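S.K.: What follows is model_30.txt, compact mmCIF, C-alpha atoms.
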```
# COMPACT_ATOMS: atom_id res chain seq x y z
CA MET Y 1 -32.22 -4.61 7.63
CA THR Y 2 -31.22 -0.94 7.56
CA SER Y 3 -29.64 0.85 4.64
CA HIS Y 4 -26.10 0.72 6.06
CA VAL Y 5 -26.01 -3.03 5.40
CA LYS Y 6 -24.63 -4.04 1.99
CA ALA Y 7 -23.67 -7.36 0.46
CA TYR Y 8 -21.21 -8.44 -2.22
CA ARG Y 9 -21.42 -11.70 -4.16
CA ALA Y 10 -18.50 -13.45 -5.87
CA ALA Y 11 -15.99 -16.16 -5.07
CA ILE Y 12 -14.54 -15.24 -1.65
CA LEU Y 13 -11.16 -16.22 -0.21
CA HIS Y 14 -9.30 -15.19 2.93
CA SER Y 15 -6.50 -16.47 5.14
CA ILE Y 16 -7.35 -17.63 8.65
CA ALA Y 17 -3.90 -18.86 9.79
CA ASP Y 18 -0.24 -19.13 8.77
CA PRO Y 19 0.24 -22.13 6.45
CA ALA Y 20 3.66 -22.67 8.05
CA LEU Y 21 1.88 -23.51 11.31
CA VAL Y 22 -1.29 -25.30 10.19
CA GLY Y 23 -0.59 -26.43 6.62
CA ASP Y 24 -2.04 -25.01 3.42
CA ALA Y 25 -5.38 -26.80 3.63
CA GLN Y 26 -6.21 -25.38 7.06
CA SER Y 27 -4.93 -21.87 6.39
CA TYR Y 28 -7.80 -20.41 4.39
CA GLU Y 29 -11.55 -20.24 3.96
CA TYR Y 30 -13.07 -20.26 0.48
CA PHE Y 31 -16.56 -19.91 -0.93
CA GLU Y 32 -16.91 -20.64 -4.65
CA ASP Y 33 -20.19 -18.70 -4.69
CA GLY Y 34 -20.01 -16.55 -1.62
CA VAL Y 35 -21.49 -13.46 -0.04
CA LEU Y 36 -19.72 -10.85 2.06
CA VAL Y 37 -22.10 -8.87 4.27
CA VAL Y 38 -20.91 -5.42 5.37
CA ASP Y 39 -22.61 -3.50 8.17
CA ASN Y 40 -21.60 0.11 8.79
CA GLY Y 41 -18.14 -0.38 7.31
CA GLN Y 42 -17.37 -3.65 9.10
CA VAL Y 43 -17.57 -7.30 8.16
CA ALA Y 44 -20.81 -8.74 9.49
CA LYS Y 45 -20.52 -12.24 8.03
CA ILE Y 46 -19.39 -14.28 5.06
CA GLY Y 47 -20.80 -17.53 3.78
CA HIS Y 48 -22.25 -19.47 0.89
CA ALA Y 49 -24.66 -17.50 -1.27
CA LYS Y 50 -27.30 -20.20 -0.98
CA ASP Y 51 -27.26 -19.83 2.80
CA LEU Y 52 -27.00 -16.06 3.15
CA LEU Y 53 -29.07 -14.66 0.30
CA PRO Y 54 -32.42 -15.77 1.78
CA THR Y 55 -31.56 -13.84 4.98
CA LEU Y 56 -30.81 -10.57 3.16
CA LYS Y 57 -34.29 -9.34 2.33
CA GLY Y 58 -34.16 -5.70 1.30
CA VAL Y 59 -30.37 -5.58 1.24
CA ASP Y 60 -28.58 -4.30 -1.84
CA VAL Y 61 -26.44 -7.15 -3.22
CA THR Y 62 -23.67 -6.26 -5.68
CA GLU Y 63 -22.69 -9.26 -7.79
CA TYR Y 64 -19.33 -9.65 -9.52
CA ARG Y 65 -19.18 -12.28 -12.24
CA ASP Y 66 -15.94 -14.26 -12.72
CA ALA Y 67 -14.26 -12.49 -9.85
CA LEU Y 68 -12.60 -13.17 -6.51
CA ILE Y 69 -13.05 -11.09 -3.36
CA THR Y 70 -10.13 -11.07 -0.91
CA PRO Y 71 -9.11 -8.79 1.95
CA GLY Y 72 -7.23 -5.68 0.87
CA PHE Y 73 -3.49 -6.07 0.57
CA ILE Y 74 -1.20 -4.84 3.37
CA ASP Y 75 2.15 -3.31 2.42
CA THR Y 76 4.50 -3.39 5.41
CA HIS Y 77 7.28 -1.22 3.93
CA ILE Y 78 7.08 1.57 1.36
CA HIS Y 79 8.44 5.13 0.85
CA TYR Y 80 5.88 7.60 -0.45
CA PRO Y 81 8.43 10.39 -1.23
CA GLN Y 82 10.19 7.99 -3.61
CA THR Y 83 7.18 7.63 -5.92
CA GLY Y 84 8.80 9.98 -8.43
CA MET Y 85 12.07 8.04 -8.61
CA ILE Y 86 10.79 4.48 -8.99
CA ALA Y 87 12.90 2.62 -11.58
CA ALA Y 88 16.05 4.72 -11.01
CA TYR Y 89 18.88 3.00 -12.86
CA GLY Y 90 22.12 1.41 -11.94
CA GLU Y 91 23.21 1.62 -8.31
CA GLN Y 92 23.39 -0.46 -5.15
CA LEU Y 93 21.90 0.72 -1.88
CA LEU Y 94 24.30 3.34 -0.50
CA ASP Y 95 25.13 4.98 -3.84
CA TRP Y 96 21.45 4.80 -4.81
CA LEU Y 97 20.50 6.79 -1.70
CA ASN Y 98 22.96 9.57 -2.47
CA THR Y 99 22.36 9.67 -6.23
CA TYR Y 100 18.58 9.46 -6.34
CA THR Y 101 16.81 9.27 -2.99
CA PHE Y 102 18.10 12.26 -1.07
CA PRO Y 103 17.69 14.78 -3.95
CA THR Y 104 14.14 13.52 -4.51
CA GLU Y 105 13.21 13.80 -0.84
CA LYS Y 106 14.53 17.38 -0.69
CA GLN Y 107 11.43 18.48 -2.63
CA PHE Y 108 9.15 17.56 0.28
CA ALA Y 109 10.08 20.74 2.10
CA ASP Y 110 7.33 22.19 -0.11
CA PRO Y 111 3.90 21.33 1.38
CA ALA Y 112 2.19 21.62 -2.02
CA HIS Y 113 4.61 19.12 -3.54
CA ALA Y 114 4.09 16.75 -0.60
CA ALA Y 115 0.31 16.96 -1.01
CA ASP Y 116 0.49 16.27 -4.76
CA VAL Y 117 2.69 13.21 -4.30
CA ALA Y 118 0.62 11.91 -1.38
CA ASN Y 119 -2.47 11.89 -3.60
CA ILE Y 120 -0.65 10.21 -6.49
CA PHE Y 121 0.82 7.65 -4.10
CA LEU Y 122 -2.50 6.74 -2.49
CA LYS Y 123 -4.22 6.42 -5.86
CA GLU Y 124 -1.51 3.98 -6.93
CA LEU Y 125 -1.88 1.93 -3.77
CA LEU Y 126 -5.66 1.69 -4.14
CA ARG Y 127 -5.42 0.98 -7.87
CA ASN Y 128 -3.24 -2.00 -6.94
CA GLY Y 129 -5.54 -3.21 -4.16
CA THR Y 130 -3.45 -2.09 -1.18
CA THR Y 131 -5.66 -0.72 1.60
CA THR Y 132 -3.11 -0.44 4.45
CA ALA Y 133 0.57 0.47 4.32
CA LEU Y 134 3.43 1.21 6.71
CA VAL Y 135 4.91 4.29 5.10
CA PHE Y 136 8.13 6.28 5.26
CA ALA Y 137 7.58 10.01 4.79
CA SER Y 138 10.56 12.38 4.48
CA VAL Y 139 12.44 14.27 7.19
CA HIS Y 140 9.96 17.16 6.82
CA LYS Y 141 6.96 17.46 9.16
CA GLN Y 142 4.81 18.67 6.28
CA SER Y 143 5.36 15.40 4.41
CA VAL Y 144 3.62 13.55 7.25
CA ASP Y 145 0.80 16.07 7.48
CA ALA Y 146 0.20 15.81 3.73
CA PHE Y 147 0.13 12.01 3.82
CA PHE Y 148 -2.22 11.75 6.80
CA GLU Y 149 -4.55 14.45 5.45
CA ALA Y 150 -4.92 12.56 2.17
CA SER Y 151 -5.36 9.22 3.97
CA GLN Y 152 -7.97 10.59 6.36
CA ALA Y 153 -10.00 12.02 3.48
CA LEU Y 154 -10.37 8.45 2.14
CA ASN Y 155 -10.83 6.90 5.61
CA LEU Y 156 -7.85 4.59 5.09
CA ARG Y 157 -6.02 2.67 7.79
CA MET Y 158 -2.47 3.92 7.32
CA ILE Y 159 0.71 4.10 9.40
CA ALA Y 160 3.45 6.67 8.77
CA GLY Y 161 6.13 8.76 10.40
CA LYS Y 162 8.65 11.54 9.91
CA VAL Y 163 12.14 10.32 9.05
CA MET Y 164 14.69 10.94 11.82
CA MET Y 165 18.14 11.54 10.31
CA ASP Y 166 20.84 13.67 11.95
CA ARG Y 167 24.06 12.50 10.26
CA ASN Y 168 25.54 10.92 7.13
CA ALA Y 169 23.04 12.66 4.87
CA PRO Y 170 22.99 16.00 3.02
CA ASP Y 171 22.62 19.08 5.21
CA TYR Y 172 19.31 19.90 3.53
CA LEU Y 173 17.83 16.64 4.87
CA THR Y 174 19.25 16.39 8.38
CA ASP Y 175 17.48 17.28 11.60
CA THR Y 176 18.90 17.02 15.14
CA ALA Y 177 18.23 14.62 17.96
CA GLN Y 178 16.16 17.28 19.74
CA SER Y 179 14.31 18.63 16.71
CA SER Y 180 13.43 15.12 15.52
CA TYR Y 181 12.04 14.37 18.97
CA ASP Y 182 10.06 17.62 19.09
CA ASP Y 183 8.73 17.32 15.54
CA SER Y 184 7.77 13.66 16.00
CA LYS Y 185 6.03 14.44 19.29
CA GLU Y 186 4.02 17.20 17.63
CA LEU Y 187 2.96 14.85 14.82
CA ILE Y 188 2.07 12.08 17.27
CA GLU Y 189 -0.18 14.44 19.20
CA ARG Y 190 -1.84 15.59 15.98
CA TRP Y 191 -2.33 12.28 14.17
CA HIS Y 192 -1.78 9.11 16.21
CA GLY Y 193 -5.08 7.32 16.79
CA LYS Y 194 -7.07 9.86 14.79
CA ALA Y 195 -9.67 8.12 12.62
CA ARG Y 196 -7.84 5.05 11.20
CA LEU Y 197 -4.34 6.53 11.40
CA HIS Y 198 -1.30 5.38 13.38
CA TYR Y 199 2.13 6.94 13.92
CA ALA Y 200 5.48 5.22 13.44
CA VAL Y 201 8.67 6.54 15.01
CA THR Y 202 10.96 6.39 11.97
CA PRO Y 203 14.76 6.55 12.23
CA ARG Y 204 15.84 5.97 8.64
CA PHE Y 205 18.49 3.42 9.55
CA ALA Y 206 21.25 3.22 12.13
CA PRO Y 207 23.97 4.92 10.03
CA THR Y 208 21.94 8.12 9.65
CA SER Y 209 21.12 8.52 13.35
CA THR Y 210 23.50 9.41 16.16
CA PRO Y 211 23.24 7.56 19.47
CA GLU Y 212 21.49 10.67 20.81
CA GLN Y 213 18.83 10.48 18.14
CA LEU Y 214 18.26 6.76 18.64
CA THR Y 215 17.89 7.50 22.35
CA ALA Y 216 15.25 10.12 21.48
CA ALA Y 217 13.41 7.55 19.33
CA GLY Y 218 13.33 5.13 22.26
CA LYS Y 219 12.06 7.91 24.51
CA LEU Y 220 9.12 8.58 22.20
CA LEU Y 221 8.19 4.91 22.16
CA ALA Y 222 8.21 4.85 25.96
CA GLU Y 223 6.04 7.96 26.25
CA TYR Y 224 3.10 6.89 24.07
CA ASP Y 225 1.02 3.73 23.82
CA ASP Y 226 0.79 1.68 20.64
CA LEU Y 227 3.30 3.63 18.56
CA TYR Y 228 5.06 1.80 15.77
CA MET Y 229 8.81 1.83 15.13
CA HIS Y 230 9.82 1.57 11.47
CA THR Y 231 13.36 1.35 10.14
CA HIS Y 232 15.76 -0.67 7.97
CA LEU Y 233 17.88 -3.66 8.95
CA SER Y 234 20.57 -5.76 7.26
CA GLU Y 235 19.64 -4.97 3.69
CA ASN Y 236 23.11 -4.77 2.15
CA LEU Y 237 26.52 -6.18 3.11
CA ASP Y 238 28.26 -2.80 2.74
CA GLU Y 239 25.58 -1.26 4.94
CA ILE Y 240 26.17 -3.89 7.62
CA ALA Y 241 29.92 -3.21 7.59
CA TRP Y 242 29.21 0.51 7.88
CA VAL Y 243 26.99 -0.03 10.92
CA LYS Y 244 29.75 -2.08 12.55
CA SER Y 245 32.24 0.76 12.03
CA LEU Y 246 29.82 3.33 13.48
CA PHE Y 247 28.78 1.22 16.47
CA PRO Y 248 31.87 -0.91 17.26
CA GLU Y 249 30.69 -1.51 20.81
CA GLN Y 250 27.69 -3.53 19.53
CA LYS Y 251 28.02 -7.12 18.38
CA GLY Y 252 25.69 -6.79 15.38
CA TYR Y 253 23.27 -4.55 13.48
CA LEU Y 254 20.16 -5.59 15.42
CA ASP Y 255 22.03 -5.11 18.70
CA VAL Y 256 22.25 -1.39 17.89
CA TYR Y 257 18.47 -1.07 17.83
CA ASP Y 258 18.12 -3.37 20.82
CA HIS Y 259 20.55 -1.25 22.84
CA PHE Y 260 18.38 1.83 22.27
CA GLN Y 261 15.19 -0.07 23.20
CA LEU Y 262 13.67 0.00 19.73
CA LEU Y 263 12.51 -3.62 19.63
CA SER Y 264 8.88 -4.28 20.51
CA GLU Y 265 5.69 -5.90 19.22
CA ARG Y 266 5.14 -2.87 16.99
CA SER Y 267 8.64 -2.67 15.54
CA MET Y 268 8.98 -3.32 11.81
CA PHE Y 269 12.42 -3.87 10.31
CA ALA Y 270 12.51 -3.63 6.54
CA HIS Y 271 14.50 -6.20 4.54
CA GLY Y 272 16.42 -8.39 7.04
CA VAL Y 273 18.20 -10.05 4.13
CA HIS Y 274 21.35 -10.97 6.04
CA LEU Y 275 20.15 -12.02 9.50
CA CYS Y 276 21.93 -14.57 11.66
CA ASP Y 277 20.07 -17.12 13.79
CA GLU Y 278 20.73 -15.14 16.95
CA GLU Y 279 19.11 -12.05 15.44
CA CYS Y 280 16.07 -14.03 14.34
CA GLN Y 281 15.75 -15.42 17.85
CA ARG Y 282 15.84 -11.91 19.33
CA LEU Y 283 13.26 -10.62 16.86
CA ALA Y 284 10.94 -13.45 17.82
CA GLU Y 285 11.48 -12.92 21.55
CA THR Y 286 10.52 -9.26 21.32
CA GLY Y 287 7.63 -9.80 18.90
CA SER Y 288 9.33 -7.57 16.33
CA ALA Y 289 8.60 -8.12 12.64
CA VAL Y 290 10.49 -8.11 9.35
CA SER Y 291 9.18 -6.85 6.03
CA HIS Y 292 10.23 -9.00 3.07
CA CYS Y 293 10.82 -6.68 0.07
CA PRO Y 294 11.66 -8.93 -2.87
CA THR Y 295 11.50 -6.50 -5.79
CA SER Y 296 13.85 -3.95 -4.21
CA ASN Y 297 16.26 -6.59 -2.89
CA LEU Y 298 16.58 -8.02 -6.40
CA PHE Y 299 16.66 -4.58 -8.06
CA LEU Y 300 19.50 -3.29 -5.86
CA GLY Y 301 21.30 -6.64 -5.75
CA SER Y 302 21.06 -6.80 -1.97
CA GLY Y 303 20.43 -10.53 -1.57
CA LEU Y 304 17.73 -13.13 -0.97
CA PHE Y 305 15.47 -13.08 2.08
CA ASN Y 306 15.48 -16.40 3.97
CA LEU Y 307 11.79 -17.00 4.70
CA LYS Y 308 12.41 -20.51 6.01
CA GLN Y 309 14.83 -19.16 8.62
CA ALA Y 310 12.27 -16.61 9.77
CA GLU Y 311 9.60 -19.32 10.01
CA GLN Y 312 11.94 -21.60 11.96
CA PHE Y 313 12.36 -18.96 14.68
CA GLY Y 314 8.76 -17.73 14.60
CA VAL Y 315 9.57 -14.24 13.33
CA ASN Y 316 6.54 -12.29 12.14
CA VAL Y 317 6.95 -11.48 8.44
CA GLY Y 318 5.05 -9.02 6.28
CA LEU Y 319 5.45 -8.16 2.62
CA GLY Y 320 6.67 -4.78 1.38
CA THR Y 321 6.85 -3.30 -2.10
CA ASP Y 322 9.54 -0.83 -0.92
CA VAL Y 323 8.73 1.71 -3.64
CA GLY Y 324 10.94 3.41 -4.83
CA ALA Y 325 13.74 0.80 -4.79
CA GLY Y 326 10.89 -1.61 -5.25
CA THR Y 327 9.76 -1.70 -8.85
CA SER Y 328 5.98 -2.04 -8.51
CA PHE Y 329 3.09 -0.88 -6.33
CA SER Y 330 1.39 -4.18 -7.20
CA MET Y 331 1.32 -6.71 -4.40
CA LEU Y 332 0.54 -9.37 -6.99
CA GLN Y 333 3.77 -8.59 -8.81
CA THR Y 334 5.63 -8.41 -5.50
CA LEU Y 335 4.40 -11.94 -4.74
CA ASN Y 336 5.57 -12.99 -8.20
CA GLU Y 337 9.09 -11.87 -7.25
CA ALA Y 338 8.83 -13.36 -3.75
CA TYR Y 339 8.17 -16.75 -5.34
CA LYS Y 340 11.33 -16.41 -7.45
CA VAL Y 341 13.41 -15.37 -4.43
CA GLN Y 342 12.40 -18.57 -2.66
CA GLN Y 343 12.94 -20.69 -5.78
CA LEU Y 344 16.53 -19.45 -5.95
CA GLN Y 345 17.00 -20.87 -2.44
CA ARG Y 346 15.33 -24.19 -3.30
CA ASN Y 347 12.29 -23.27 -1.23
CA LYS Y 348 8.71 -23.43 -2.48
CA LEU Y 349 6.37 -20.52 -1.73
CA SER Y 350 2.82 -21.81 -1.95
CA PRO Y 351 0.00 -19.57 -3.22
CA PHE Y 352 -1.71 -19.83 0.16
CA LYS Y 353 1.41 -18.68 2.00
CA SER Y 354 1.62 -15.81 -0.50
CA LEU Y 355 -1.97 -14.81 0.21
CA TYR Y 356 -1.22 -14.95 3.91
CA LEU Y 357 1.87 -12.74 3.62
CA ALA Y 358 -0.05 -10.12 1.63
CA THR Y 359 -3.06 -10.01 3.96
CA LEU Y 360 -3.37 -11.67 7.37
CA GLY Y 361 0.39 -12.10 7.79
CA GLY Y 362 0.93 -8.39 7.27
CA ALA Y 363 -1.89 -7.62 9.69
CA GLN Y 364 -0.38 -9.90 12.34
CA ALA Y 365 3.07 -8.38 11.81
CA LEU Y 366 1.50 -4.96 12.43
CA ARG Y 367 -0.63 -6.21 15.37
CA LEU Y 368 -3.75 -5.21 13.47
CA ASP Y 369 -5.23 -8.64 12.79
CA ASP Y 370 -8.18 -7.79 15.06
CA ARG Y 371 -9.10 -5.06 12.55
CA ILE Y 372 -7.83 -5.97 9.07
CA GLY Y 373 -6.30 -8.82 7.07
CA SER Y 374 -9.20 -11.26 7.08
CA PHE Y 375 -12.99 -11.40 6.95
CA ALA Y 376 -13.38 -12.17 10.64
CA SER Y 377 -16.63 -10.74 11.95
CA GLY Y 378 -16.15 -7.17 13.19
CA ASN Y 379 -13.06 -6.47 11.09
CA ASP Y 380 -12.95 -3.36 8.93
CA ALA Y 381 -14.45 -4.06 5.51
CA ASP Y 382 -11.23 -3.42 3.58
CA PHE Y 383 -11.44 -5.67 0.54
CA ILE Y 384 -10.74 -5.94 -3.16
CA VAL Y 385 -12.37 -7.52 -6.19
CA LEU Y 386 -10.02 -9.36 -8.54
CA ASP Y 387 -11.23 -9.79 -12.13
CA TYR Y 388 -10.50 -13.18 -13.70
CA HIS Y 389 -10.85 -11.62 -17.18
CA ALA Y 390 -8.70 -8.53 -16.58
CA THR Y 391 -6.43 -9.34 -19.54
CA PRO Y 392 -6.82 -11.78 -22.44
CA LEU Y 393 -3.87 -13.85 -21.24
CA LEU Y 394 -5.11 -13.99 -17.65
CA SER Y 395 -8.58 -14.99 -18.83
CA TYR Y 396 -7.23 -17.74 -21.10
CA ARG Y 397 -4.76 -19.07 -18.55
CA LEU Y 398 -7.34 -19.24 -15.75
CA GLN Y 399 -9.60 -21.33 -17.97
CA GLN Y 400 -6.88 -24.00 -17.80
CA ALA Y 401 -6.58 -23.87 -13.99
CA LYS Y 402 -7.61 -27.13 -12.38
CA ASN Y 403 -8.13 -25.98 -8.79
CA LEU Y 404 -8.08 -22.99 -6.43
CA GLU Y 405 -4.35 -23.30 -5.73
CA GLU Y 406 -3.47 -23.07 -9.41
CA LYS Y 407 -5.93 -20.22 -9.98
CA LEU Y 408 -4.42 -18.25 -7.12
CA PHE Y 409 -0.88 -18.88 -8.35
CA VAL Y 410 -1.75 -17.65 -11.84
CA LEU Y 411 -3.24 -14.44 -10.39
CA MET Y 412 -0.08 -13.87 -8.38
CA THR Y 413 2.23 -14.55 -11.30
CA ILE Y 414 0.69 -12.78 -14.30
CA GLY Y 415 -1.80 -10.56 -12.48
CA ASP Y 416 -1.09 -6.88 -11.83
CA ASP Y 417 -2.98 -3.61 -11.27
CA ARG Y 418 -5.34 -4.46 -14.15
CA ALA Y 419 -6.70 -7.39 -12.17
CA VAL Y 420 -7.99 -5.09 -9.42
CA GLN Y 421 -11.55 -4.29 -10.47
CA GLU Y 422 -12.57 -2.43 -7.31
CA THR Y 423 -11.07 -1.52 -3.93
CA PHE Y 424 -13.05 -0.87 -0.74
CA ALA Y 425 -11.95 0.80 2.50
CA ALA Y 426 -14.22 0.53 5.54
CA GLY Y 427 -17.02 -0.57 3.23
CA GLN Y 428 -16.71 2.35 0.80
CA SER Y 429 -15.50 2.04 -2.77
CA VAL Y 430 -12.25 4.02 -3.07
CA HIS Y 431 -11.12 2.79 -6.49
CA LYS Y 432 -13.03 1.40 -9.45
CA ARG Y 433 -11.24 0.38 -12.62
```
How would this structure read if it were set down as structure tokens?
M.R.:
Amino acid sequence: MTSHVKAYRAAILHSIADPALVGDAQSYEYFEDGVLVVDNGQVAKIGHAKDLLPTLKGVDVTEYRDALITPGFIDTHIHYPQTGMIAAYGEQLLDWLNTYTFPTEKQFADPAHAADVANIFLKELLRNGTTTALVFASVHKQSVDAFFEASQALNLRMIAGKVMMDRNAPDYLTDTAQSSYDDSKELIERWHGKARLHYAVTPRFAPTSTPEQLTAAGKLLAEYDDLYMHTHLSENLDEIAWVKSLFPEQKGYLDVYDHFQLLSERSMFAHGVHLCDEECQRLAETGSAVSHCPTSNLFLGSGLFNLKQAEQFGVNVGLGTDVGAGTSFSMLQTLNEAYKVQQLQRNKLSPFKSLYLATLGGAQALRLDDRIGSFASGNDADFIVLDYHATPLLSYRLQQAKNLEEKLFVLMTIGDDRAVQETFAAGQSVHKR
């Protein structure tokens, strides 16, 4: 074998289907002593060490003791300009935006500031095992350029877009329907499909866009293939009432986006805390997805996401940290909070469903499951190594675990960034603890 083939030995676990459809036992593949073979940045094969090692003559095999290899985590909703205001105290959504978010995002008019934060942000993602994210930039073109430049340098698969916002925001952060169209078009031409990068048309949320701007967003989506659409939906009851007052001709919040042709297989709606059955049905019909953001929904007091309702209607669901309203870059800690959100609704979130949401489920919601989210042959080799002995408590608690399910649940409950020993993107190590 040639030198571009590498192998990694540890316990290996990945999702292969949604547990809600096939049951927990059929939703994953696990190798207690496994080998992941990577060829030129892609997954070549996985299997039992006893079967694969004899076939790997001359191949460098990196072995991790007391560790678990999984696909890299996929964050389906996060704001990189809000890195510097994470853990901002004491407001609900609308006041929080005006008090903290908008003044923070003003700084991204400075390209040097945008570049500094983009690098800090990506380091945090990789330190926490997240290898793909759907990312809000700010209203400034340079914020998108800075983010994509930093992502490309690390060969990461990332999705981002310039915020479109032409009303109900400070003058220093508003664009116009025409300028947002022109700026977005310029960024699409420069970045979409370059290396492992994708562009998302990004109206912040319905209240901060005029009908003319939402029309411009729909026009962009019609003009280019495979663009994403990324916005917010039904996060807060006051927000929903505001949308109704601004768009009285529409029956509900989702109908606003539907009217402007913003629902498609690559549309991601963050939060969706207060969806009715009819809205879930429409999301499923159009192939649109929702990003469940438990830490921010709890932090801002917005409400509890109804995962069972989404499953009932077949809505694609990903998992978002939503930094900066979200309180952690760690997908493990986000899953910890997601479990509690379901417990409060008398629903049980299994560890295997959690793994699915953080990996393959996110990839399916983003229509990228043919490239990331699992160890299917030919997928990008985006993966992480989780250390069973990352902390004394984690080490001690895992010694008591009786089976894989319990071990996984412990990792997702008391694990955090310290558990991520190494992170790989396209077969290259991009973070090592």
S.K.: Mind dumping a table of every range 313-338 of chain Y residue within 10 Å of range 110-128 of chain Y, with the nearest atom pair and its distance in Å to one decimal, using all atoms listed in the file, sorted by chain and rising number, as JSON lines?
M.R.:
```
{"residue": "Y:Val323", "atom": "CA", "partner": "Y:Phe121", "partner_atom": "CA", "distance": 9.9}
{"residue": "Y:Ser328", "atom": "CA", "partner": "Y:Asn128", "partner_atom": "CA", "distance": 9.4}
{"residue": "Y:Phe329", "atom": "CA", "partner": "Y:Leu125", "partner_atom": "CA", "distance": 6.3}
{"residue": "Y:Ser330", "atom": "CA", "partner": "Y:Asn128", "partner_atom": "CA", "distance": 5.1}
{"residue": "Y:Met331", "atom": "CA", "partner": "Y:Asn128", "partner_atom": "CA", "distance": 7.0}
{"residue": "Y:Leu332", "atom": "CA", "partner": "Y:Asn128", "partner_atom": "CA", "distance": 8.3}
{"residue": "Y:Gln333", "atom": "CA", "partner": "Y:Asn128", "partner_atom": "CA", "distance": 9.8}
```
S.K.: Using only C-alpha atoms, which residues sit within 8 Å of Gly47 in chain Y once same-chain residues fewer than 5 positions away are excluded, as a PyMOL selection string?
M.R.: chain Y and resi 31+34-36+52
S.K.: Which residue is closest to Ile86 in chain Y? Choose from Y:Asp175, Y:Asp277, Y:Asp182, Y:Asp322 and count only C-alpha atoms.
M.R.: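 Distance minimum relative to Ile86 in chain Y lands on Y:Asp322.
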S.K.: Taking into account all atoms listed in the file, which residue in the set Y:Gln107, Y:Gln421, Y:Ser288, Y:Ser350 is nearest to Arg65 in chain Y?
M.R.: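 Among the listed residues, Y:Gln421 lies closest to Arg65 in chain Y.
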S.K.: For range 229-241 of chain Y, find every residue with an atom within 7 Å (counting only C-alpha atoms), except residues of its own chain fewer than 6 positions away, and show them as a PyMOL selection string.
M.R.: chain Y and resi 93+200-205+253+262+266-275+302
S.K.: Contacts of Glu265 in chain Y at 9 Å or less, counting only C-alpha atoms, minus same-chain residues fewer than 5 places along, as a compact mmCIF listing (two decimals) with C-alpha atoms, in the frame of the given file?
M.R.:
```txt
# COMPACT_ATOMS: atom_id res chain seq x y z
CA TYR Y 228 5.06 1.80 15.77
CA THR Y 286 10.52 -9.26 21.32
CA GLY Y 287 7.63 -9.80 18.90
CA SER Y 288 9.33 -7.57 16.33
CA ALA Y 289 8.60 -8.12 12.64
CA ALA Y 365 3.07 -8.38 11.81
CA LEU Y 366 1.50 -4.96 12.43
CA ARG Y 367 -0.63 -6.21 15.37
```
S.K.: For Asn336 in chain Y, which residue among Y:Thr321, Y:Thr391, Y:Asn306, Y:Thr413 is the nearest when counting all atoms listed in the file?
M.R.: Y:Thr413
S.K.: Residues within 12 Å of Val163 in chain Y, please, as a VMD selection string. Count all atoms listed in the file; anything in the same chain fewer than 4 positions from it doesn't count.
M.R.: chain Y and resid 79 to 81 102 105 108 135 to 144 169 173 to 177 179 to 181 183 to 184 187 199 to 206 208 to 209 213 to 214 217 229 to 232
S.K.: With only C-alpha atoms as the counted atoms, please give the residues lying no more than 10 Å from Gly193 in chain Y, apart from itself and same-chain residues fewer than 3 positions off, as a PyMOL selection string.
M.R.: chain Y and resi 159+188-190+196-199+225-227
S.K.: Expressed in Å to a single decimal, how great is the separation between CA of Glu32 in chain Y and CA of Ile46 in chain Y?
M.R.: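 Taking CA of Glu32 in chain Y and CA of Ile46 in chain Y, their separation equals 11.9 Å.
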S.K.: May I ask which of the residues Y:Ala425, Y:Leu13, Y:Val430, Y:Leu56 is the closest one to Met158 in chain Y, counting all atoms listed in the file?
M.R.: Y:Ala425
S.K.: Mind pulling up the distance from CA of Asp416 in chain Y to CA of Leu355 in chain Y?
M.R.: 14.4 Å
S.K.: Hey, could you make a per-residue contact list for range 13-120 of chain Y against range 368-382 of chain Y with 10 Å as the cut-off, showing the nearest pair of atoms and its distance in Å to one decimal, counting only C-alpha atoms, sorted by chain and number, as CSV?
M.R.:
```
residue,atom,partner,partner_atom,distance
Y:Leu13,CA,Y:Phe375,CA,8.8
Y:His14,CA,Y:Ser374,CA,5.7
Y:Ser15,CA,Y:Ser374,CA,6.2
Y:Ile16,CA,Y:Ser374,CA,6.8
Y:Ala17,CA,Y:Ser374,CA,9.7
Y:Tyr28,CA,Y:Ser374,CA,9.6
Y:Glu29,CA,Y:Phe375,CA,9.4
Y:Leu36,CA,Y:Phe375,CA,8.3
Y:Val37,CA,Y:Ala381,CA,9.1
Y:Val38,CA,Y:Ala381,CA,6.6
Y:Asp39,CA,Y:Ala381,CA,8.6
Y:Asn40,CA,Y:Ala381,CA,8.9
Y:Gly41,CA,Y:Ala381,CA,5.5
Y:Gln42,CA,Y:Asp380,CA,4.4
Y:Val43,CA,Y:Ser377,CA,5.2
Y:Ala44,CA,Y:Ser377,CA,5.2
Y:Lys45,CA,Y:Ser377,CA,5.7
Y:Ile46,CA,Y:Phe375,CA,7.3
Y:Thr70,CA,Y:Ser374,CA,8.0
Y:Pro71,CA,Y:Ser374,CA,5.7
Y:Gly72,CA,Y:Asp382,CA,5.3
Y:Phe73,CA,Y:Gly373,CA,7.6
Y:Ile74,CA,Y:Gly373,CA,7.5
```
S.K.: Can you measure CA of Pro103 in chain Y to CA of Gln178 in chain Y for me? One decimal in Å is fine.
M.R.: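 Taking CA of Pro103 in chain Y and CA of Gln178 in chain Y, their separation equals 23.9 Å.
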S.K.: Please, what is the axis-aligned box for every listed atom of range 295-304 of chain Y with 8 Å on each side, as centre and edge lengths in Å to one decimal, as lines of an AutoDock Vina configuration file?
M.R.:
```
center_x = 16.4
center_y = -8.2
center_z = -4.5
size_x = 25.8
size_y = 25.8
size_z = 23.1
```
